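Below is the file start-v6.cif, which contains mmCIF, C-alpha atoms.
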data_entry
loop_
_atom_site.label_atom_id
_atom_site.label_comp_id
_atom_site.auth_asym_id
_atom_site.auth_seq_id
_atom_site.Cartn_x
_atom_site.Cartn_y
_atom_site.Cartn_z
CA MET A 261 65.03 81.91 114.02
CA ARG A 262 67.06 85.14 114.13
CA LEU A 263 67.81 84.67 110.45
CA LEU A 264 64.13 84.20 109.63
CA ALA A 265 63.28 87.30 111.64
CA SER A 266 65.82 89.36 109.67
CA THR A 267 65.37 90.88 106.22
CA ALA A 268 67.82 88.46 104.57
CA PRO A 269 65.32 85.72 103.52
CA TRP A 270 62.84 88.27 102.21
CA ALA A 271 65.55 90.14 100.32
CA ALA A 272 66.60 86.80 98.83
CA ALA A 273 62.99 86.20 97.79
CA VAL A 274 62.92 89.58 96.01
CA TYR A 275 66.26 88.71 94.41
CA GLY A 276 64.92 85.36 93.20
CA PHE A 277 61.65 86.81 91.90
CA SER A 278 63.42 89.60 89.99
CA GLY A 279 65.79 86.98 88.58
CA MET A 280 62.82 85.04 87.18
CA LEU A 281 61.47 88.20 85.56
CA LEU A 282 64.86 88.93 83.96
CA ALA A 283 64.98 85.38 82.61
CA LEU A 284 61.99 86.07 80.33
CA PRO A 285 63.85 88.42 77.94
CA THR A 286 66.86 86.10 78.18
CA MET A 287 64.85 83.32 76.55
CA ILE A 288 63.77 85.75 73.83
CA PHE A 289 67.34 86.84 73.10
CA ILE A 290 68.52 83.23 73.02
CA ALA A 291 66.07 82.75 70.15
CA LEU A 292 67.49 85.92 68.58
CA PHE A 293 71.04 84.62 69.07
CA PRO A 294 72.99 87.41 67.27
CA LEU A 295 71.51 89.92 69.74
CA LEU A 296 72.37 87.80 72.80
CA PRO A 297 75.74 89.52 73.55
CA GLY A 298 74.04 92.92 73.82
CA TRP A 299 71.47 91.58 76.30
CA ALA A 300 74.21 89.71 78.18
CA TRP A 301 76.14 92.93 78.71
CA LEU A 302 73.01 94.78 79.83
CA LEU A 303 71.95 91.95 82.15
CA SER A 304 75.47 91.85 83.62
CA ALA A 305 75.25 95.57 84.38
CA ILE A 306 71.92 94.95 86.14
CA GLU A 307 73.28 91.94 88.02
CA ARG A 308 76.27 93.92 89.28
CA GLN A 309 73.86 96.16 91.16
CA ARG A 310 71.17 93.55 91.89
CA VAL A 311 73.47 91.65 94.28
CA ARG A 312 73.15 94.62 96.63
CA LEU A 313 69.69 93.27 97.50
CA LEU A 314 71.53 90.56 99.44
CA GLY A 315 73.71 93.06 101.28
CA HIS A 316 76.70 92.38 99.03
CA LYS A 317 78.91 95.05 97.51
CA SER A 318 78.23 95.83 93.88
CA ILE A 319 80.31 93.77 91.47
CA PRO A 320 83.13 95.74 89.76
CA GLY A 321 82.22 96.63 86.18
CA PRO A 322 84.36 96.46 83.06
CA PRO A 323 87.26 98.87 82.52
CA VAL A 324 86.62 102.10 80.62
CA SER A 325 87.93 100.63 77.37
CA LEU A 326 85.13 98.01 77.36
CA ARG A 327 82.16 100.06 78.56
CA ILE A 328 79.21 100.40 76.20
CA PRO A 329 78.23 102.90 74.91
CA PRO A 330 80.20 104.21 73.03
CA TRP A 331 79.57 101.57 70.40
CA ARG A 332 83.17 101.56 69.23
CA HIS A 333 83.89 99.41 72.28
CA VAL A 334 81.67 96.59 70.98
CA PRO A 335 84.44 94.78 69.02
CA ALA A 336 86.76 94.95 72.03
CA ARG A 337 83.98 93.58 74.25
CA LEU A 338 83.35 90.71 71.83
CA THR A 339 87.01 89.73 71.78
CA SER A 340 87.57 90.11 75.53
CA ALA A 341 87.37 87.30 78.04
CA LEU A 342 85.06 89.41 80.20
CA GLY A 343 82.56 89.80 77.36
CA TRP A 344 82.30 86.05 76.87
CA ARG A 345 82.14 85.44 80.60
CA GLU A 346 79.18 87.80 80.71
CA ILE A 347 77.45 85.73 78.01
CA ALA A 348 78.17 82.58 80.04
CA GLY A 349 76.84 84.35 83.11
CA THR A 350 73.61 85.13 81.25
CA LEU A 351 73.08 81.45 80.36
CA LEU A 352 73.86 80.49 83.96
CA HIS A 353 71.39 83.15 85.12
CA LEU A 354 68.73 81.33 83.11
CA ILE A 355 69.60 78.05 84.85
CA PHE A 356 69.30 79.70 88.26
CA ALA A 357 65.98 81.22 87.20
CA VAL A 358 64.67 77.72 86.32
CA LEU A 359 65.82 76.42 89.72
CA THR A 360 64.19 79.38 91.46
CA PHE A 361 60.95 78.87 89.50
CA THR A 362 60.91 75.19 90.47
CA LEU A 363 61.48 76.09 94.13
CA TRP A 364 58.67 78.63 94.07
CA VAL A 365 56.22 76.34 92.27
CA PHE A 366 56.70 73.40 94.61
CA GLY A 367 58.04 74.90 97.86
CA LEU A 368 56.05 78.11 98.07
CA THR A 369 52.87 76.52 96.70
CA LEU A 370 53.05 73.71 99.25
CA ALA A 371 53.76 76.14 102.11
CA LEU A 372 50.84 78.40 101.18
CA THR A 373 48.50 75.43 100.76
CA LEU A 374 49.34 74.14 104.23
CA LEU A 375 49.12 77.60 105.80
CA LEU A 376 45.67 78.21 104.30
CA ALA A 377 44.29 74.85 105.50
CA PRO A 378 42.63 76.28 108.69
CA PHE A 379 40.71 78.84 106.62
CA LEU A 380 39.10 76.35 104.18
CA PRO A 381 36.50 75.01 106.63
CA LEU A 382 35.47 78.57 107.45
CA PHE A 383 34.38 79.02 103.84
CA GLY A 384 32.53 75.71 103.62
CA SER A 385 35.39 73.75 102.06
CA ALA A 386 37.49 70.94 103.44
CA PHE A 387 41.19 70.29 103.34
CA THR A 388 41.77 67.11 101.35
CA ALA A 389 44.94 65.16 100.73
CA GLY A 390 44.18 61.99 98.85
CA ASP A 391 41.60 60.05 100.91
CA TRP A 392 42.31 62.27 103.91
CA ARG A 393 39.59 64.91 104.46
CA ILE A 394 39.51 67.50 107.23
CA ASP A 395 36.57 69.85 107.54
CA HIS A 396 37.04 71.20 111.09
CA PRO A 397 39.35 74.23 111.64
CA ALA A 398 40.85 72.87 114.89
CA ASP A 399 41.97 69.68 113.15
CA THR A 400 43.91 71.69 110.54
CA ILE A 401 46.17 73.47 113.06
CA PRO A 402 48.93 70.78 112.85
CA ILE A 403 48.80 71.19 109.06
CA ALA A 404 49.28 74.96 109.46
CA VAL A 405 52.29 74.32 111.76
CA LEU A 406 53.69 72.04 109.07
CA GLY A 407 53.12 74.87 106.60
CA ILE A 408 55.21 77.22 108.76
CA ILE A 409 58.04 74.66 108.75
CA VAL A 410 57.79 74.25 104.97
CA LEU A 411 57.81 78.06 104.56
CA ALA A 412 60.96 78.29 106.72
CA VAL A 413 62.62 75.59 104.62
CA PHE A 414 61.58 77.47 101.46
CA LEU A 415 63.07 80.73 102.74
CA TYR A 416 66.32 79.01 103.74
CA ALA A 417 66.53 77.30 100.33
CA GLN A 418 65.80 80.56 98.50
CA LEU A 419 68.46 82.38 100.53
CA ALA A 420 71.04 79.67 99.83
CA LEU A 421 70.19 79.64 96.12
CA ALA A 422 70.39 83.45 95.91
CA VAL A 423 73.77 83.56 97.68
CA VAL A 424 75.20 80.87 95.38
CA GLN A 425 73.92 82.77 92.34
CA ALA A 426 75.40 86.05 93.54
CA MET A 427 78.77 84.45 94.28
CA THR A 428 78.79 82.76 90.88
CA ALA A 429 77.94 86.06 89.20
CA ARG A 430 80.78 87.79 91.04
CA VAL A 431 83.24 85.20 89.76
CA LEU A 432 81.95 85.27 86.17
CA ILE A 433 81.19 88.93 85.49
CA GLY A 434 83.45 90.63 88.01
CA SER A 435 86.25 92.64 86.41
CA ARG A 436 89.58 92.23 88.13
CA VAL A 437 90.87 95.37 86.39
CA GLU A 438 88.06 97.52 87.76
CA GLU A 439 88.46 95.99 91.19
CA LEU A 440 92.17 96.80 91.21
CA GLU A 441 91.42 100.34 90.02
CA GLN A 442 89.02 100.79 92.94
CA GLN A 443 91.65 99.47 95.35
CA VAL A 444 94.27 101.82 93.89
CA THR A 445 91.88 104.77 94.25
CA THR A 446 91.13 103.81 97.84
CA LEU A 447 94.81 103.37 98.71
CA ALA A 448 95.68 106.67 97.05
CA GLY A 449 93.06 108.45 99.15
CA GLU A 450 94.34 106.77 102.30
CA ARG A 451 97.91 107.68 101.38
CA VAL A 452 97.01 111.35 100.89
CA ALA A 453 95.20 111.33 104.21
CA LEU A 454 98.27 109.76 105.83
CA VAL A 455 100.57 112.43 104.40
CA ASP A 456 98.23 115.20 105.58
CA ALA A 457 98.00 113.63 109.04
CA PHE A 458 101.80 113.36 109.21
CA GLU A 459 102.16 117.01 108.19
CA ALA A 460 99.62 118.08 110.81
CA GLU A 461 101.46 116.08 113.47
CA ARG A 462 104.76 117.63 112.42
CA ARG A 463 103.29 121.12 112.74
CA ARG A 464 102.01 120.21 116.19
CA ILE A 465 105.49 119.04 117.26
CA GLU A 466 107.03 122.24 115.91
CA ARG A 467 104.51 124.34 117.81
CA ASP A 468 104.97 122.36 121.03
CA LEU A 469 108.77 122.62 120.83
CA HIS A 470 108.61 126.34 120.12
CA ASP A 471 106.00 127.22 122.72
CA GLY A 472 107.06 124.72 125.37
CA PRO A 473 110.69 123.74 126.14
CA GLN A 474 112.20 126.48 124.00
CA GLN A 475 110.33 129.25 125.84
CA HIS A 476 111.12 127.75 129.24
CA LEU A 477 114.82 127.44 128.43
CA ALA A 478 114.92 130.99 127.07
CA GLY A 479 113.31 132.19 130.30
CA ALA A 480 115.82 130.22 132.37
CA ALA A 481 118.72 131.77 130.40
CA LEU A 482 117.31 135.24 131.01
CA HIS A 483 117.02 134.62 134.74
CA LEU A 484 120.57 133.27 134.86
CA GLY A 485 121.80 136.39 133.11
CA LEU A 486 120.06 138.61 135.66
CA LEU A 487 121.38 136.48 138.49
CA ARG A 488 124.89 136.75 137.12
CA THR A 489 124.83 140.54 137.26
CA ARG A 490 123.74 140.41 140.92
CA ILE A 491 126.38 138.01 142.21
CA GLU A 492 129.22 139.16 139.93
CA GLN A 493 130.58 141.48 142.65
CA GLN A 494 129.38 139.60 145.74
CA GLN A 495 130.42 136.00 145.04
CA PRO A 496 132.65 135.88 141.96
CA ASP A 497 133.67 132.30 142.78
CA LEU A 498 130.17 131.17 141.66
CA LEU A 499 130.52 132.69 138.20
CA PRO A 500 132.23 129.69 136.48
CA GLY A 501 129.44 127.32 137.51
CA LEU A 502 126.82 129.89 136.59
CA ASP A 503 128.42 130.45 133.20
CA SER A 504 128.54 126.68 132.59
CA ALA A 505 124.84 126.37 133.38
CA HIS A 506 124.10 129.28 131.05
CA ASP A 507 126.18 127.70 128.27
CA GLU A 508 124.32 124.39 128.70
CA ILE A 509 120.99 126.17 128.36
CA GLU A 510 122.20 127.94 125.22
CA ARG A 511 123.32 124.62 123.74
CA ALA A 512 119.94 123.09 124.57
CA LEU A 513 118.23 126.03 122.86
CA ASP A 514 120.43 125.58 119.80
CA ALA A 515 119.57 121.87 119.73
CA ILE A 516 115.83 122.59 119.90
CA ARG A 517 116.09 125.25 117.19
CA ALA A 518 117.99 122.80 114.99
CA ALA A 519 115.36 120.14 115.63
CA VAL A 520 112.55 122.53 114.74
CA SER A 521 114.43 123.65 111.64
CA GLY A 522 115.00 120.03 110.68
CA LEU A 523 111.31 119.32 110.93
CA ARG A 524 110.41 122.22 108.68
CA PRO A 525 112.28 125.52 108.28
CA ARG A 526 110.45 128.61 109.41
CA ILE A 527 111.07 130.26 106.04
CA LEU A 528 109.19 127.41 104.34
CA ILE A 529 106.19 127.99 106.59
CA GLU A 530 106.16 131.77 106.27
CA LYS A 531 107.37 132.46 102.71
CA GLY A 532 106.83 129.23 100.80
CA LEU A 533 108.82 126.69 98.85
CA ALA A 534 110.61 129.09 96.48
CA ALA A 535 112.06 131.16 99.33
CA ALA A 536 113.07 128.00 101.24
CA LEU A 537 114.91 126.60 98.19
CA ILE A 538 116.71 129.91 97.66
CA ASP A 539 117.73 129.86 101.32
CA LEU A 540 118.97 126.28 100.85
CA ALA A 541 121.04 127.46 97.87
CA ASP A 542 122.53 130.37 99.87
CA ARG A 543 123.65 127.99 102.62
CA SER A 544 125.24 125.49 100.24
CA PRO A 545 129.07 125.53 99.87
CA VAL A 546 128.55 124.62 96.19
CA PRO A 547 126.71 127.02 93.85
CA VAL A 548 123.05 126.04 93.53
CA ARG A 549 120.89 127.62 90.84
CA VAL A 550 117.19 127.72 91.71
CA ASP A 551 114.53 128.30 89.08
CA VAL A 552 111.14 128.23 90.84
CA ASP A 553 108.08 130.39 90.30
CA PRO A 554 107.54 132.07 93.70
CA VAL A 555 103.86 132.68 92.93
CA VAL A 556 102.99 128.98 92.78
CA ARG A 557 102.17 127.51 96.17
CA PHE A 558 101.50 123.86 96.96
CA SER A 559 99.77 122.12 99.82
CA ASP A 560 101.69 122.14 103.10
CA ALA A 561 102.48 118.43 102.86
CA ALA A 562 103.65 118.77 99.24
CA GLU A 563 105.90 121.77 99.97
CA ALA A 564 107.49 120.00 102.92
CA SER A 565 108.07 116.86 100.84
CA VAL A 566 109.50 118.74 97.83
CA TYR A 567 111.80 120.71 100.13
CA SER A 568 112.99 117.48 101.75
CA ILE A 569 113.60 115.97 98.30
CA ALA A 570 115.69 118.98 97.25
CA THR A 571 117.59 118.96 100.56
CA GLU A 572 118.35 115.26 100.20
CA PHE A 573 119.51 115.67 96.60
CA VAL A 574 121.81 118.56 97.49
CA ALA A 575 123.23 116.63 100.47
CA ASN A 576 123.90 113.58 98.29
CA SER A 577 125.57 115.73 95.65
CA LEU A 578 127.85 117.39 98.21
CA LYS A 579 128.69 114.12 99.92
CA HIS A 580 129.14 111.68 97.04
CA SER A 581 129.37 113.30 93.61
CA GLY A 582 131.92 116.07 94.02
CA ALA A 583 129.64 118.41 92.07
CA HIS A 584 130.63 121.99 91.28
CA GLN A 585 127.17 123.13 90.20
CA ILE A 586 123.67 122.04 91.26
CA THR A 587 120.43 123.08 89.57
CA ILE A 588 116.89 122.93 90.97
CA THR A 589 114.09 123.66 88.50
CA LEU A 590 110.37 123.50 89.24
CA ASP A 591 107.64 124.36 86.78
CA THR A 592 103.99 123.54 86.12
CA ALA A 593 102.57 121.86 83.04
CA PRO A 594 99.16 120.52 81.96
CA GLY A 595 100.26 117.06 83.03
CA GLY A 596 101.25 118.14 86.54
CA VAL A 597 104.24 119.62 88.35
CA ARG A 598 107.75 118.84 87.11
CA ILE A 599 110.86 119.01 89.28
CA LEU A 600 114.30 118.72 87.69
CA LEU A 601 117.32 118.19 89.92
CA ASN A 602 120.77 118.19 88.32
CA ASP A 603 124.41 118.16 89.36
CA ASP A 604 127.63 118.04 87.30
CA GLY A 605 129.33 115.54 89.60
CA ASP A 606 130.79 112.09 89.03
CA GLY A 607 127.42 110.35 88.58
CA GLY A 608 126.88 106.68 89.33
CA ALA A 609 124.01 107.35 91.74
CA ASP A 610 122.25 104.09 92.62
CA PRO A 611 119.30 103.72 95.04
CA ALA A 612 120.57 100.27 95.98
CA ARG A 613 123.74 101.76 97.46
CA GLY A 614 122.24 104.35 99.78
CA THR A 615 119.17 105.46 101.63
CA GLY A 616 119.07 109.01 100.24
CA LEU A 617 117.56 108.11 96.88
CA ILE A 618 115.32 105.55 98.55
CA GLY A 619 113.94 108.30 100.77
CA ILE A 620 113.39 110.54 97.73
CA ASN A 621 111.51 107.76 95.90
CA HIS A 622 109.42 107.15 99.00
CA ARG A 623 108.39 110.80 99.24
CA VAL A 624 107.59 110.92 95.52
CA THR A 625 105.43 107.81 95.86
CA LEU A 626 103.53 109.32 98.78
CA LEU A 627 102.73 112.31 96.58
CA ARG A 628 101.47 109.92 93.86
CA GLY A 629 104.26 110.99 91.52
CA THR A 630 106.93 109.32 89.40
CA ALA A 631 110.71 109.73 89.43
CA GLU A 632 113.28 108.99 86.72
CA LEU A 633 117.00 108.90 87.54
CA ASP A 634 119.73 109.25 84.93
CA SER A 635 123.18 109.05 86.48
CA PRO A 636 125.84 107.46 84.25
CA ILE A 637 129.35 106.91 85.48
CA SER A 638 131.34 110.15 85.16
CA GLY A 639 128.10 112.13 85.37
CA PRO A 640 126.09 114.22 85.22
CA THR A 641 123.18 113.18 87.47
CA ASN A 642 119.66 114.12 86.44
CA LEU A 643 116.59 113.37 88.53
CA SER A 644 113.22 114.14 86.91
CA ILE A 645 110.11 114.06 89.09
CA MET A 646 106.49 114.43 87.95
CA LEU A 647 103.82 115.17 90.54
CA PRO A 648 100.03 115.44 90.02
CA SER A 649 98.66 118.92 89.53
CA ASP A 650 96.27 118.59 92.47
CA ILE A 651 99.12 119.43 94.87
CA ILE A 652 98.85 123.07 93.68
CA ARG A 653 97.01 125.08 96.29
CA THR A 654 93.73 126.46 94.94
CA GLY A 655 94.05 130.12 94.00
CA ALA A 656 97.81 130.14 94.57
CA HIS A 657 98.83 130.36 90.94
CA THR A 658 98.11 133.80 89.57
#

Would you put the structure from the file into structure tokens?
Amino acid sequence: MRLLASTAPWAAAVYGFSGMLLALPTMIFIALFPLLPGWAWLLSAIERQRVRLLGHKSIPGPPVSLRIPPWRHVPARLTSALGWREIAGTLLHLIFAVLTFTLWVFGLTLALTLLLAPFLPLFGSAFTAGDWRIDHPADTIPIAVLGIIVLAVFLYAQLALAVVQAMTARVLIGSRVEELEQQVTTLAGERVALVDAFEAERRRIERDLHDGPQQHLAGAALHLGLLRTRIEQQQPDLLPGLDSAHDEIERALDAIRAAVSGLRPRILIEKGLAAALIDLADRSPVPVRVDVDPVVRFSDAAEASVYSIATEFVANSLKHSGAHQITITLDTAPGGVRILLNDDGDGGADPARGTGLIGINHRVTLLRGTAELDSPISGPTNLSIMLPSDIIRTGAHT
């Protein structure tokens, strides 16, 4: 009863009725057989949206290479499996339209006849069924109740037929390629949102560490320093313990500063990626040449990721390759942002033998980029990374 009280049966009735109307041109195009593929493709486009009447998601359409117009895609559509499945779906649509028409002719006609039985005597007519004749309105009430039951059965049957037709259409005319493209787009959006959320959480941790424990420890160190000057002449025997406590606080401060710097260096936040990479080069025991346009700024998440990639590459070069020169180049191109990382070390870098390159690949993937590694034995090692141009901050490139 809840189903009958909902909009589902009535939406299915609209779906079935519109399907019967669409079957009329189908019969015409079957007679004009050479034109049938064109109508099949148009009907499939309509059917992909028509299933929404039943509360279903629209059926994924064909990939861009098969969409019509432009008309140059017609040969590809004719030779594709999807194109022929759409033609088969059109013929099956006609079969479902015949079934729907039969259901409406017999089921709906019978239901309406029974429901109108109480009104016939009011207009001077009688309800007749064979030799059975009823000319009093009260005697036709059981017939009207039977009509309600028949109408409910009709609505259930129409709903079931519409659902089966929609599911069949999804199997026949649904494009797996388009569906996968939609899933990739959705996952890419979710991945970008995840990276942004991670970057926001990292900034929150940095702020909490700087404004919370670090400030308290700095205040405690200041008070210990003042206390030391007061008791230096009165109780010198307490100075060693006081100095030890002060040293512990200083070490805790250094640890917090290192943790904050490890999360994201302050120079990266204040001056951008170019300045942070130059600072990384200055701190490296091996010469690092940095070629980055300081005017170009990226999103916060992208700058943090690119900096981490460069840091990881430099650390791997220092630890494993024995390099004497490292180069970091970053430039923009119409196809996106290109990052070239190079060292003149021993080569032989392999992601399967360490987590550094795996981490770099993971960060590149999160930025929806691609990475190519060329590291033959005896070197050099070249890592080329391409990132999408949408990581460039709007208005940052002048």

Nearest residue to Asp539 of chain A out of A:Pro594, A:Pro525, A:Gly607, A:Gly279, using only C-alpha atoms? A:Pro525

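The neighbours of Phe356 of chain A here are the residues that come within 8 Å of it, using only C-alpha atoms and leaving out any residue fewer than 3 positions away in the same chain; they are Leu352, His353, Leu359, Thr360, Leu421 and Gln425 of chain A.
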
Is there a way to get, as a compact mmCIF listing (two decimals) with C-alpha atoms, in the frame of the given file, all residues within 12 Å of the point (66.3, 77.1, 102.8) in file coordinates, counting all atoms listed in the file?
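The result, written out as selection15.txt:
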# COMPACT_ATOMS: atom_id res chain seq x y z
CA LEU A 263 67.81 84.67 110.45
CA LEU A 264 64.13 84.20 109.63
CA ALA A 268 67.82 88.46 104.57
CA PRO A 269 65.32 85.72 103.52
CA TRP A 270 62.84 88.27 102.21
CA ALA A 272 66.60 86.80 98.83
CA ALA A 273 62.99 86.20 97.79
CA THR A 360 64.19 79.38 91.46
CA LEU A 363 61.48 76.09 94.13
CA TRP A 364 58.67 78.63 94.07
CA GLY A 367 58.04 74.90 97.86
CA LEU A 368 56.05 78.11 98.07
CA ILE A 409 58.04 74.66 108.75
CA VAL A 410 57.79 74.25 104.97
CA LEU A 411 57.81 78.06 104.56
CA ALA A 412 60.96 78.29 106.72
CA VAL A 413 62.62 75.59 104.62
CA PHE A 414 61.58 77.47 101.46
CA LEU A 415 63.07 80.73 102.74
CA TYR A 416 66.32 79.01 103.74
CA ALA A 417 66.53 77.30 100.33
CA GLN A 418 65.80 80.56 98.50
CA LEU A 419 68.46 82.38 100.53
CA ALA A 420 71.04 79.67 99.83
CA LEU A 421 70.19 79.64 96.12
CA ALA A 422 70.39 83.45 95.91
CA VAL A 423 73.77 83.56 97.68

One-decimal distance in Å that lies between atom CA of Ser581 of chain A and atom CA of Ala631 of chain A: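 If I compute the distance from atom CA of Ala631 of chain A to atom CA of Ser581 of chain A, I get 19.5 Å.
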
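Evaluated against this file, the PyMOL selection byres ((chain A and resi 289) around 12) yields Leu282, Ala283, Leu284, Pro285, Thr286, Met287, Ile288, Ile290, Ala291, Leu292, Phe293, Pro294, Leu295, Leu296, Pro297, Gly298, Trp299, Ala300, Leu302, Leu303, Ile347, Thr350, Leu351 and Leu354 of chain A.
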
To verify the selection step, state as a PyMOL selection string which residues the PyMOL selection byres ((chain A and resi 407) around 8) yields on this input. chain A and resi 370-375+403-406+408-411

Which residues, named as in the file, does the PyMOL selection byres ((chain A and resi 593) around 12) pick out? Answer as a PyMOL selection string. chain A and resi 590-592+594-599+646-650+652

Would you kindly return, as a PDB file with C-alpha atoms, in the coordinates of the input, each protein, DNA or RNA residue with an atom no farther than 10 Å from any atom of Trp344 of chain A, considering only C-alpha atoms and excluding same-chain residues fewer than 4 positions away?
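Just written: out31.pdb:
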ATOM      1  CA  PRO A 297      75.740  89.520  73.550  1.00  0.00           C
ATOM      2  CA  ALA A 300      74.210  89.710  78.180  1.00  0.00           C
ATOM      3  CA  TRP A 301      76.140  92.930  78.710  1.00  0.00           C
ATOM      4  CA  ARG A 337      83.980  93.580  74.250  1.00  0.00           C
ATOM      5  CA  LEU A 338      83.350  90.710  71.830  1.00  0.00           C
ATOM      6  CA  THR A 339      87.010  89.730  71.780  1.00  0.00           C
ATOM      7  CA  SER A 340      87.570  90.110  75.530  1.00  0.00           C
ATOM      8  CA  ALA A 348      78.170  82.580  80.040  1.00  0.00           C
ATOM      9  CA  GLY A 349      76.840  84.350  83.110  1.00  0.00           C
ATOM     10  CA  THR A 350      73.610  85.130  81.250  1.00  0.00           C
ATOM     11  CA  LEU A 432      81.950  85.270  86.170  1.00  0.00           C
ATOM     12  CA  ILE A 433      81.190  88.930  85.490  1.00  0.00           C
TER      13      ILE A 433
END

Set the distance at 12 Å and use all atoms listed in the file: which residues neighbour Lys531 of chain A once local chain neighbours fewer than 6 positions away are removed? I'd like the list as a VMD selection string. chain A and resid 525 537 to 539 554 to 558 560 563

Atom CA of Ala564 of chain A to atom CA of Ile620 of chain A, distance in Å rounded to a single decimal: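 These atoms are spaced 12.3 Å apart.
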
Within 9 Å of Leu633 of chain A, counting all atoms listed in the file, which residues qualify if same-chain residues fewer than 2 places away don't, as a PyMOL selection string? chain A and resi 609-610+631+635+641-645

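Coordinates place atom CA of Leu376 of chain A at a distance of 11.8 Å from atom CA of Pro402 of chain A.
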